[in-house]
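> One file is attached below, coords_6.cif, containing mmCIF, C-alpha atoms.
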```
data_input
#
loop_
_atom_site.label_atom_id
_atom_site.label_comp_id
_atom_site.auth_asym_id
_atom_site.auth_seq_id
_atom_site.Cartn_x
_atom_site.Cartn_y
_atom_site.Cartn_z
CA MET A 29 65.08 169.59 50.99
CA THR A 30 68.77 170.04 50.10
CA ASP A 31 71.62 167.94 51.45
CA GLN A 32 72.73 170.84 53.66
CA ASP A 33 69.23 171.11 55.12
CA ARG A 34 69.28 167.41 55.91
CA ILE A 35 72.68 167.73 57.62
CA ASP A 36 71.54 170.73 59.68
CA SER A 37 68.38 168.91 60.72
CA SER A 38 70.34 165.81 61.70
CA ALA A 39 72.85 167.86 63.72
CA THR A 40 70.01 169.54 65.63
CA ALA A 41 68.44 166.17 66.41
CA PHE A 42 71.78 164.80 67.60
CA GLY A 43 72.25 167.80 69.89
CA LYS A 44 68.91 167.12 71.53
CA VAL A 45 69.75 163.43 71.99
CA TRP A 46 73.14 164.29 73.48
CA ALA A 47 71.59 166.71 75.96
CA VAL A 48 69.17 164.02 77.13
CA MET A 49 72.05 161.54 77.45
CA ARG A 50 74.08 163.96 79.60
CA ALA A 51 71.14 164.68 81.88
CA PHE A 52 70.46 160.98 82.27
CA GLY A 53 74.13 160.36 83.05
CA ARG A 54 74.14 163.00 85.82
CA TRP A 55 71.03 161.39 87.30
CA LEU A 56 72.71 158.00 87.34
CA VAL A 57 75.81 159.39 89.02
CA ARG A 58 73.71 160.70 91.86
CA ARG A 59 71.97 157.37 92.36
CA ARG A 60 74.46 154.61 91.42
CA THR A 61 77.97 153.54 92.35
CA PRO A 62 80.75 154.39 89.86
CA LEU A 63 81.21 150.72 88.91
CA VAL A 64 77.64 150.56 87.62
CA VAL A 65 77.39 154.04 86.20
CA ILE A 66 80.58 154.07 84.07
CA PRO A 67 79.66 151.06 81.85
CA MET A 68 76.14 152.43 81.39
CA ILE A 69 77.43 155.85 80.37
CA ALA A 70 79.95 154.26 78.00
CA GLY A 71 77.17 152.25 76.38
CA LEU A 72 75.04 155.35 75.96
CA ILE A 73 77.94 157.23 74.34
CA VAL A 74 78.55 154.39 71.87
CA ALA A 75 74.84 154.16 71.04
CA GLY A 76 74.61 157.93 70.63
CA SER A 77 77.62 157.97 68.29
CA ILE A 78 76.14 155.27 66.07
CA GLY A 79 72.80 157.08 65.94
CA ALA A 80 74.46 160.36 65.09
CA GLN A 81 76.45 158.73 62.29
CA MET A 82 73.28 157.28 60.82
CA MET A 83 71.49 160.64 61.00
CA LEU A 84 74.38 162.53 59.43
CA GLU A 85 74.89 160.00 56.68
CA ARG A 86 74.54 161.68 53.30
CA VAL A 87 71.20 160.96 51.63
CA PRO A 88 71.68 159.94 47.97
CA GLU A 89 70.42 162.53 45.51
CA GLN A 90 67.39 161.49 43.52
CA VAL A 91 67.97 161.53 39.77
CA THR A 92 65.17 163.33 37.94
CA ALA A 93 64.25 161.72 34.63
CA ALA A 94 64.73 163.97 31.59
CA PRO A 95 61.45 165.25 30.11
CA PRO A 96 60.42 163.39 26.95
CA VAL A 97 60.88 164.76 23.45
CA ILE A 98 57.70 165.55 21.50
CA CYS A 99 58.04 164.12 18.00
CA TRP A 100 56.57 165.60 14.81
CA ASP A 101 53.42 163.45 15.16
CA LYS A 102 52.96 164.50 18.83
CA SER A 103 54.18 161.15 20.13
CA GLU A 104 56.75 161.08 22.96
CA ALA A 105 60.27 159.67 22.83
CA PRO A 106 63.25 159.52 25.24
CA ALA A 107 65.43 161.53 22.83
CA ALA A 108 65.22 163.27 19.45
CA ALA A 109 67.07 160.39 17.78
CA ASP A 110 64.21 158.08 18.75
CA CYS A 111 61.62 160.03 16.73
CA SER A 112 60.62 158.58 13.37
CA LEU A 113 60.80 160.67 10.21
CA PRO A 114 57.60 162.30 8.95
CA THR A 115 55.69 160.31 6.36
CA GLY A 116 52.55 160.45 4.29
CA GLU A 117 50.18 163.38 3.94
CA ASP A 118 50.60 164.44 7.57
CA GLY A 119 54.37 164.22 7.21
CA LEU A 120 54.37 166.51 4.17
CA GLN A 121 52.24 169.03 6.05
CA TRP A 122 54.78 169.06 8.88
CA VAL A 123 57.90 169.33 6.69
CA PHE A 124 56.29 171.96 4.43
CA PRO A 125 54.07 174.25 6.56
CA SER A 126 52.77 175.89 3.37
CA PHE A 127 51.19 172.63 2.18
CA ASP A 128 47.45 172.40 2.83
CA PRO A 129 45.82 169.34 1.25
CA GLN A 130 42.37 170.68 2.15
CA LYS A 131 42.60 173.42 -0.45
CA SER A 132 40.53 172.82 -3.55
CA ASP A 133 43.48 173.39 -5.87
CA CYS A 134 45.55 170.58 -4.27
CA ARG A 135 45.29 166.92 -5.26
CA ASN A 136 46.96 163.65 -4.43
CA LEU A 137 49.03 162.58 -7.45
CA LEU A 138 49.29 159.02 -6.16
CA GLU A 139 45.66 158.45 -5.28
CA GLY A 140 44.76 154.87 -6.13
CA THR A 141 48.33 154.01 -7.11
CA GLU A 142 51.63 153.16 -5.45
CA ASN A 143 55.06 154.52 -6.28
CA PRO A 144 57.99 152.89 -4.46
CA LEU A 145 60.18 155.92 -5.20
CA ARG A 146 57.61 158.44 -3.96
CA PRO A 147 55.52 157.35 -0.97
CA ALA A 148 53.60 160.63 -1.12
CA SER A 149 53.18 163.37 -3.72
CA TRP A 150 50.71 166.26 -3.86
CA ALA A 151 50.33 169.03 -6.44
CA CYS A 152 48.78 172.44 -5.76
CA ASP A 153 47.95 174.79 -8.65
CA THR A 154 47.87 178.58 -8.54
CA ALA A 155 46.80 181.06 -11.22
CA SER A 156 47.54 184.76 -11.24
CA ARG A 157 45.17 187.48 -12.38
CA TYR A 158 47.57 188.12 -15.25
CA GLY A 159 47.08 184.61 -16.63
CA ALA A 160 50.27 182.99 -15.34
CA SER A 161 49.87 179.51 -13.86
CA THR A 162 52.08 177.80 -11.31
CA ARG A 163 52.16 174.30 -9.82
CA VAL A 164 53.80 173.45 -6.51
CA THR A 165 54.46 169.74 -5.95
CA TYR A 166 55.31 168.46 -2.48
CA ILE A 167 57.13 165.12 -2.50
CA GLU A 168 58.13 162.47 0.02
CA LEU A 169 60.98 160.40 -1.38
CA ALA A 170 61.78 156.79 -0.52
CA GLU A 171 65.38 157.67 0.42
CA ALA A 172 67.27 160.95 0.79
CA LYS A 173 70.44 160.13 -1.18
CA ALA A 174 68.59 158.40 -4.00
CA GLY A 175 66.26 161.39 -4.21
CA ARG A 176 69.15 163.81 -4.61
CA ILE A 177 70.65 161.66 -7.36
CA TYR A 178 67.31 161.53 -9.15
CA PHE A 179 66.91 165.32 -9.20
CA GLN A 180 70.54 165.79 -10.18
CA LYS A 181 69.83 163.71 -13.29
CA GLN A 182 66.54 165.49 -13.97
CA PHE A 183 68.33 168.84 -13.90
CA LYS A 184 71.40 167.69 -15.76
CA GLY A 185 73.45 170.66 -16.84
CA ALA A 186 71.74 173.02 -14.38
CA ASN A 187 73.71 174.61 -11.58
CA ARG A 188 73.09 173.30 -8.09
CA ALA A 189 72.91 175.85 -5.27
CA GLY A 190 73.15 175.11 -1.57
CA VAL A 191 70.71 176.68 0.90
CA LYS A 192 72.10 177.16 4.40
CA ASP A 193 70.33 176.90 7.74
CA LYS A 194 70.72 179.36 10.62
CA THR A 195 74.00 177.72 11.66
CA GLY A 196 75.55 178.24 8.23
CA LYS A 197 75.35 174.60 7.13
CA VAL A 198 73.81 173.56 3.81
CA PHE A 199 70.55 171.71 4.43
CA ARG A 200 68.86 171.97 1.00
CA PHE A 201 69.90 171.90 -2.63
CA GLU A 202 68.22 173.90 -5.41
CA TRP A 203 68.19 173.45 -9.17
CA ARG A 204 66.68 175.73 -11.82
CA GLN A 205 66.10 175.11 -15.49
CA ARG A 206 64.03 176.18 -18.45
CA THR A 207 61.53 173.66 -19.79
CA GLU A 208 59.43 173.36 -22.94
CA ASP A 209 56.45 174.83 -21.08
CA GLY A 210 58.25 177.48 -19.06
CA PHE A 211 60.47 177.35 -15.99
CA GLU A 212 61.10 174.94 -13.11
CA VAL A 213 62.85 175.00 -9.74
CA ALA A 214 63.39 172.03 -7.43
CA SER A 215 64.59 171.98 -3.84
CA VAL A 216 65.63 168.78 -2.04
CA TYR A 217 66.65 168.33 1.57
CA LYS A 218 70.24 167.21 1.92
CA ASN A 219 69.70 164.62 4.66
CA PHE A 220 65.97 164.00 4.58
CA PRO A 221 63.71 162.37 1.95
CA PHE A 222 61.65 165.40 1.01
CA ALA A 223 61.51 167.68 -2.00
CA VAL A 224 59.40 170.36 -3.60
CA THR A 225 59.17 171.50 -7.21
CA VAL A 226 57.63 174.66 -8.64
CA THR A 227 56.79 175.06 -12.34
CA SER A 228 55.36 178.09 -14.12
CA ASP A 229 55.05 179.58 -17.56
CA LYS A 230 56.32 182.89 -16.19
CA VAL A 231 59.68 183.03 -14.41
CA ALA A 232 58.68 186.10 -12.38
CA PHE A 233 55.56 184.37 -11.06
CA LEU A 234 57.56 181.22 -10.33
CA ASN A 235 60.04 183.18 -8.23
CA LYS A 236 57.27 184.97 -6.37
CA ILE A 237 55.46 181.75 -5.46
CA TYR A 238 58.63 179.88 -4.56
CA ARG A 239 60.10 182.64 -2.38
CA SER A 240 56.98 183.88 -0.66
CA ARG A 241 54.63 180.91 -0.38
CA VAL A 242 56.66 177.70 -0.16
CA LYS A 243 57.74 177.17 3.46
CA PHE A 244 60.40 174.73 4.65
CA ARG A 245 60.87 173.25 8.12
CA GLN A 246 64.36 173.76 9.57
CA PRO A 247 66.41 170.52 9.70
CA GLU A 248 66.55 170.29 13.50
CA ARG A 249 62.74 170.31 13.56
CA ILE A 250 62.07 167.78 10.80
CA ALA A 251 61.39 164.91 13.22
CA VAL A 252 60.96 166.87 16.46
CA ARG A 253 58.14 169.16 17.50
CA LYS A 254 59.58 170.08 20.91
CA ASP A 255 62.87 169.06 22.55
CA PRO A 256 63.05 170.18 26.23
CA GLN A 257 66.45 168.49 26.55
CA ALA A 258 68.00 170.59 23.78
CA GLU A 259 66.34 173.75 25.13
CA THR A 260 67.79 173.09 28.61
CA ALA A 261 71.24 172.44 27.18
CA GLY A 262 71.06 175.61 25.10
CA SER A 263 70.06 177.76 28.06
CA SER A 264 73.03 176.51 30.07
CA ASP A 265 75.62 177.38 27.42
#
```
Spell out the structure here as structure tokens.


Amino acid sequence: MTDQDRIDSSATAFGKVWAVMRAFGRWLVRRRTPLVVIPMIAGLIVAGSIGAQMMLERVPEQVTAAPPVICWDKSEAPAAADCSLPTGEDGLQWVFPSFDPQKSDCRNLLEGTENPLRPASWACDTASRYGASTRVTYIELAEAKAGRIYFQKQFKGANRAGVKDKTGKVFRFEWRQRTEDGFEVASVYKNFPFAVTVTSDKVAFLNKIYRSRVKFRQPERIAVRKDPQAETAGSSD
């Protein structure tokens, strides 16, 4: 019920009470002396006014709690900023939708070991019918800035290209270089600790795998699976 509905309902109720009061007053006039009737009528008027004021008083609006945000791991949080960053094997699968650790050609490079600079790292191999081989390595880094510095050193002398998101902002960096065994490309998120590398002995096959098979999650969805608050704000713009 809206505030206007409440006011209309209260006004109707007050009208009924006032009609009863008037009828009762006329009845008293016919049966009592003016000295008795006047104070009684005055009292009824005062009581009726107080009751009407209480009925017409504005009812405070109830504040509806914002729907929770669904984080990358399907947990709920009050806001997107409260979601943790993806981590581990499941985190890599979320950040890189193309990564499938269940495939027979993928293996955990850190199985049985620990690497403080790389909490998670998986390599997936692909071979073409023409004999070209390609390896895609999905990496979780310990820290975003340190990860960028590491790859900048690894690709020293190579040009760094920025990859923009749908808003026109750079969200990934790419490096390319020739190696002793062929060719390599690396892509690192600008503000998140995740990277992917692709190596191949054939540059054409490398480009095909990198462009068509490696999938990246957009930056606004790295930690968030569903944000009803952002969707509501966007629809009202």

> Can you build me a table of region 156-196 of chain A residues sitting at most 8 Å from region 229-243 of chain A, with the closest atom pair per residue and its distance in Å to one decimal, using all atoms listed in the file, sorted by chain and residue number, as CSV?


```
residue,atom,partner,partner_atom,distance
A:Ala160,CA,A:Lys230,CA,6.1
A:Ser161,CA,A:Asp229,CA,6.4
A:Thr162,CA,A:Leu234,CA,6.5
```

> Nearest to Trp203 (chain A) among A:Lys173, A:Arg253, A:Arg188, A:Lys181, with distances taken over all atoms listed in the file: which residue is it?

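For Trp203 (chain A), the nearest of the given residues is A:Arg188.
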
> Grab the CA of Glu248 (chain A) to CA of Asp110 (chain A) distance for me, in Å with one decimal place.

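Pair CA of Glu248 (chain A) / CA of Asp110 (chain A) returns 13.5 Å.
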
> Determine the residue set returned by the PyMOL selection byres ((chain A and resi 182-184) around 8) for the present structure, and present it as number ranges by chain.

A: 178-181, 185-186, 203-205

> Just so the selection is clear, what residues does the PyMOL selection byres ((chain A and resi 193-195) around 12) cover here, as JSON, numbers by chain?

{"A": [190, 191, 192, 196, 197, 198, 199, 200, 201, 217, 218, 244, 245, 246, 247, 248, 249]}

> At what distance in Å, to one decimal, does CA of Ser215 (chain A) lie from CA of Thr227 (chain A)?

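Taking CA of Thr227 (chain A) as the start and CA of Ser215 (chain A) as the end point, the length is 11.9 Å.
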
> With C-alpha atoms retained, output region 143-238 of chain A as a short mmCIF file (atom, residue, chain, number, x, y, z; two decimals), in the first residue's frame.


```
data_model
loop_
_atom_site.label_atom_id
_atom_site.label_comp_id
_atom_site.auth_asym_id
_atom_site.auth_seq_id
_atom_site.Cartn_x
_atom_site.Cartn_y
_atom_site.Cartn_z
CA ASN A 143 55.68 -21.77 -5.78
CA PRO A 144 55.18 -18.55 -3.79
CA LEU A 145 55.19 -16.52 -7.01
CA ARG A 146 52.65 -18.74 -8.76
CA PRO A 147 49.91 -20.19 -6.55
CA ALA A 148 48.48 -22.06 -9.54
CA SER A 149 49.78 -22.96 -13.00
CA TRP A 150 48.37 -25.37 -15.59
CA ALA A 151 49.65 -26.23 -19.07
CA CYS A 152 47.48 -27.56 -21.91
CA ASP A 153 49.10 -28.94 -25.07
CA THR A 154 47.62 -28.94 -28.56
CA ALA A 155 48.96 -30.50 -31.77
CA SER A 156 47.77 -29.73 -35.27
CA ARG A 157 47.37 -32.25 -38.06
CA TYR A 158 50.22 -30.49 -39.83
CA GLY A 159 52.65 -31.29 -37.02
CA ALA A 160 52.69 -27.92 -35.25
CA SER A 161 52.52 -28.07 -31.45
CA THR A 162 51.25 -25.40 -29.09
CA ARG A 163 51.18 -25.06 -25.30
CA VAL A 164 48.79 -22.79 -23.42
CA THR A 165 49.75 -22.08 -19.81
CA TYR A 166 47.22 -20.55 -17.43
CA ILE A 167 48.80 -18.82 -14.44
CA GLU A 168 47.66 -17.36 -11.13
CA LEU A 169 50.25 -14.88 -9.88
CA ALA A 170 50.93 -13.97 -6.26
CA GLU A 171 50.46 -10.25 -6.97
CA ALA A 172 49.31 -8.28 -10.01
CA LYS A 173 52.02 -5.59 -10.14
CA ALA A 174 54.85 -8.00 -9.42
CA GLY A 175 53.50 -10.28 -12.14
CA ARG A 176 53.56 -7.51 -14.71
CA ILE A 177 57.13 -6.63 -13.79
CA TYR A 178 58.16 -10.27 -14.10
CA PHE A 179 56.76 -10.62 -17.62
CA GLN A 180 58.19 -7.26 -18.64
CA LYS A 181 61.64 -8.63 -17.76
CA GLN A 182 60.97 -11.96 -19.46
CA PHE A 183 60.04 -10.15 -22.67
CA LYS A 184 62.76 -7.54 -22.45
CA GLY A 185 63.06 -5.72 -25.74
CA ALA A 186 59.64 -6.85 -26.95
CA ASN A 187 56.89 -4.33 -27.56
CA ARG A 188 54.06 -4.24 -25.04
CA ALA A 189 50.54 -3.80 -26.41
CA GLY A 190 47.48 -2.82 -24.42
CA VAL A 191 44.18 -4.68 -24.84
CA LYS A 192 41.09 -2.59 -24.13
CA ASP A 193 37.80 -3.64 -22.58
CA LYS A 194 34.36 -2.64 -23.87
CA THR A 195 34.64 0.76 -22.18
CA GLY A 196 37.88 1.58 -23.98
CA LYS A 197 40.17 1.11 -20.96
CA VAL A 198 43.27 -1.09 -21.08
CA PHE A 199 42.73 -4.17 -18.94
CA ARG A 200 45.44 -6.54 -20.30
CA PHE A 201 48.97 -6.26 -21.60
CA GLU A 202 50.45 -8.44 -24.35
CA TRP A 203 54.03 -9.25 -25.27
CA ARG A 204 55.33 -11.25 -28.25
CA GLN A 205 58.78 -12.57 -28.95
CA ARG A 206 60.69 -15.19 -30.87
CA THR A 207 62.33 -17.95 -28.84
CA GLU A 208 64.89 -20.65 -29.55
CA ASP A 209 62.09 -23.17 -30.08
CA GLY A 210 59.64 -20.96 -31.94
CA PHE A 211 57.32 -18.16 -30.86
CA GLU A 212 55.69 -16.98 -27.62
CA VAL A 213 52.94 -14.58 -26.58
CA ALA A 214 52.02 -13.61 -23.03
CA SER A 215 49.00 -11.71 -21.78
CA VAL A 216 48.73 -10.35 -18.21
CA TYR A 217 45.80 -8.62 -16.57
CA LYS A 218 46.59 -5.05 -15.62
CA ASN A 219 44.93 -5.05 -12.19
CA PHE A 220 44.49 -8.74 -11.42
CA PRO A 221 47.04 -11.50 -10.69
CA PHE A 222 46.39 -13.68 -13.73
CA ALA A 223 48.28 -14.40 -16.92
CA VAL A 224 48.35 -16.76 -19.86
CA THR A 225 51.19 -17.71 -22.19
CA VAL A 226 51.05 -19.46 -25.55
CA THR A 227 54.10 -21.04 -27.19
CA SER A 228 54.35 -22.76 -30.57
CA ASP A 229 56.89 -23.75 -33.17
CA LYS A 230 54.68 -22.18 -35.84
CA VAL A 231 53.66 -18.53 -35.54
CA ALA A 232 50.51 -19.05 -37.62
CA PHE A 233 49.33 -21.85 -35.34
CA LEU A 234 50.19 -19.79 -32.27
CA ASN A 235 48.06 -16.90 -33.50
CA LYS A 236 45.17 -19.21 -34.33
CA ILE A 237 45.15 -20.84 -30.89
CA TYR A 238 45.63 -17.57 -29.03
#
```
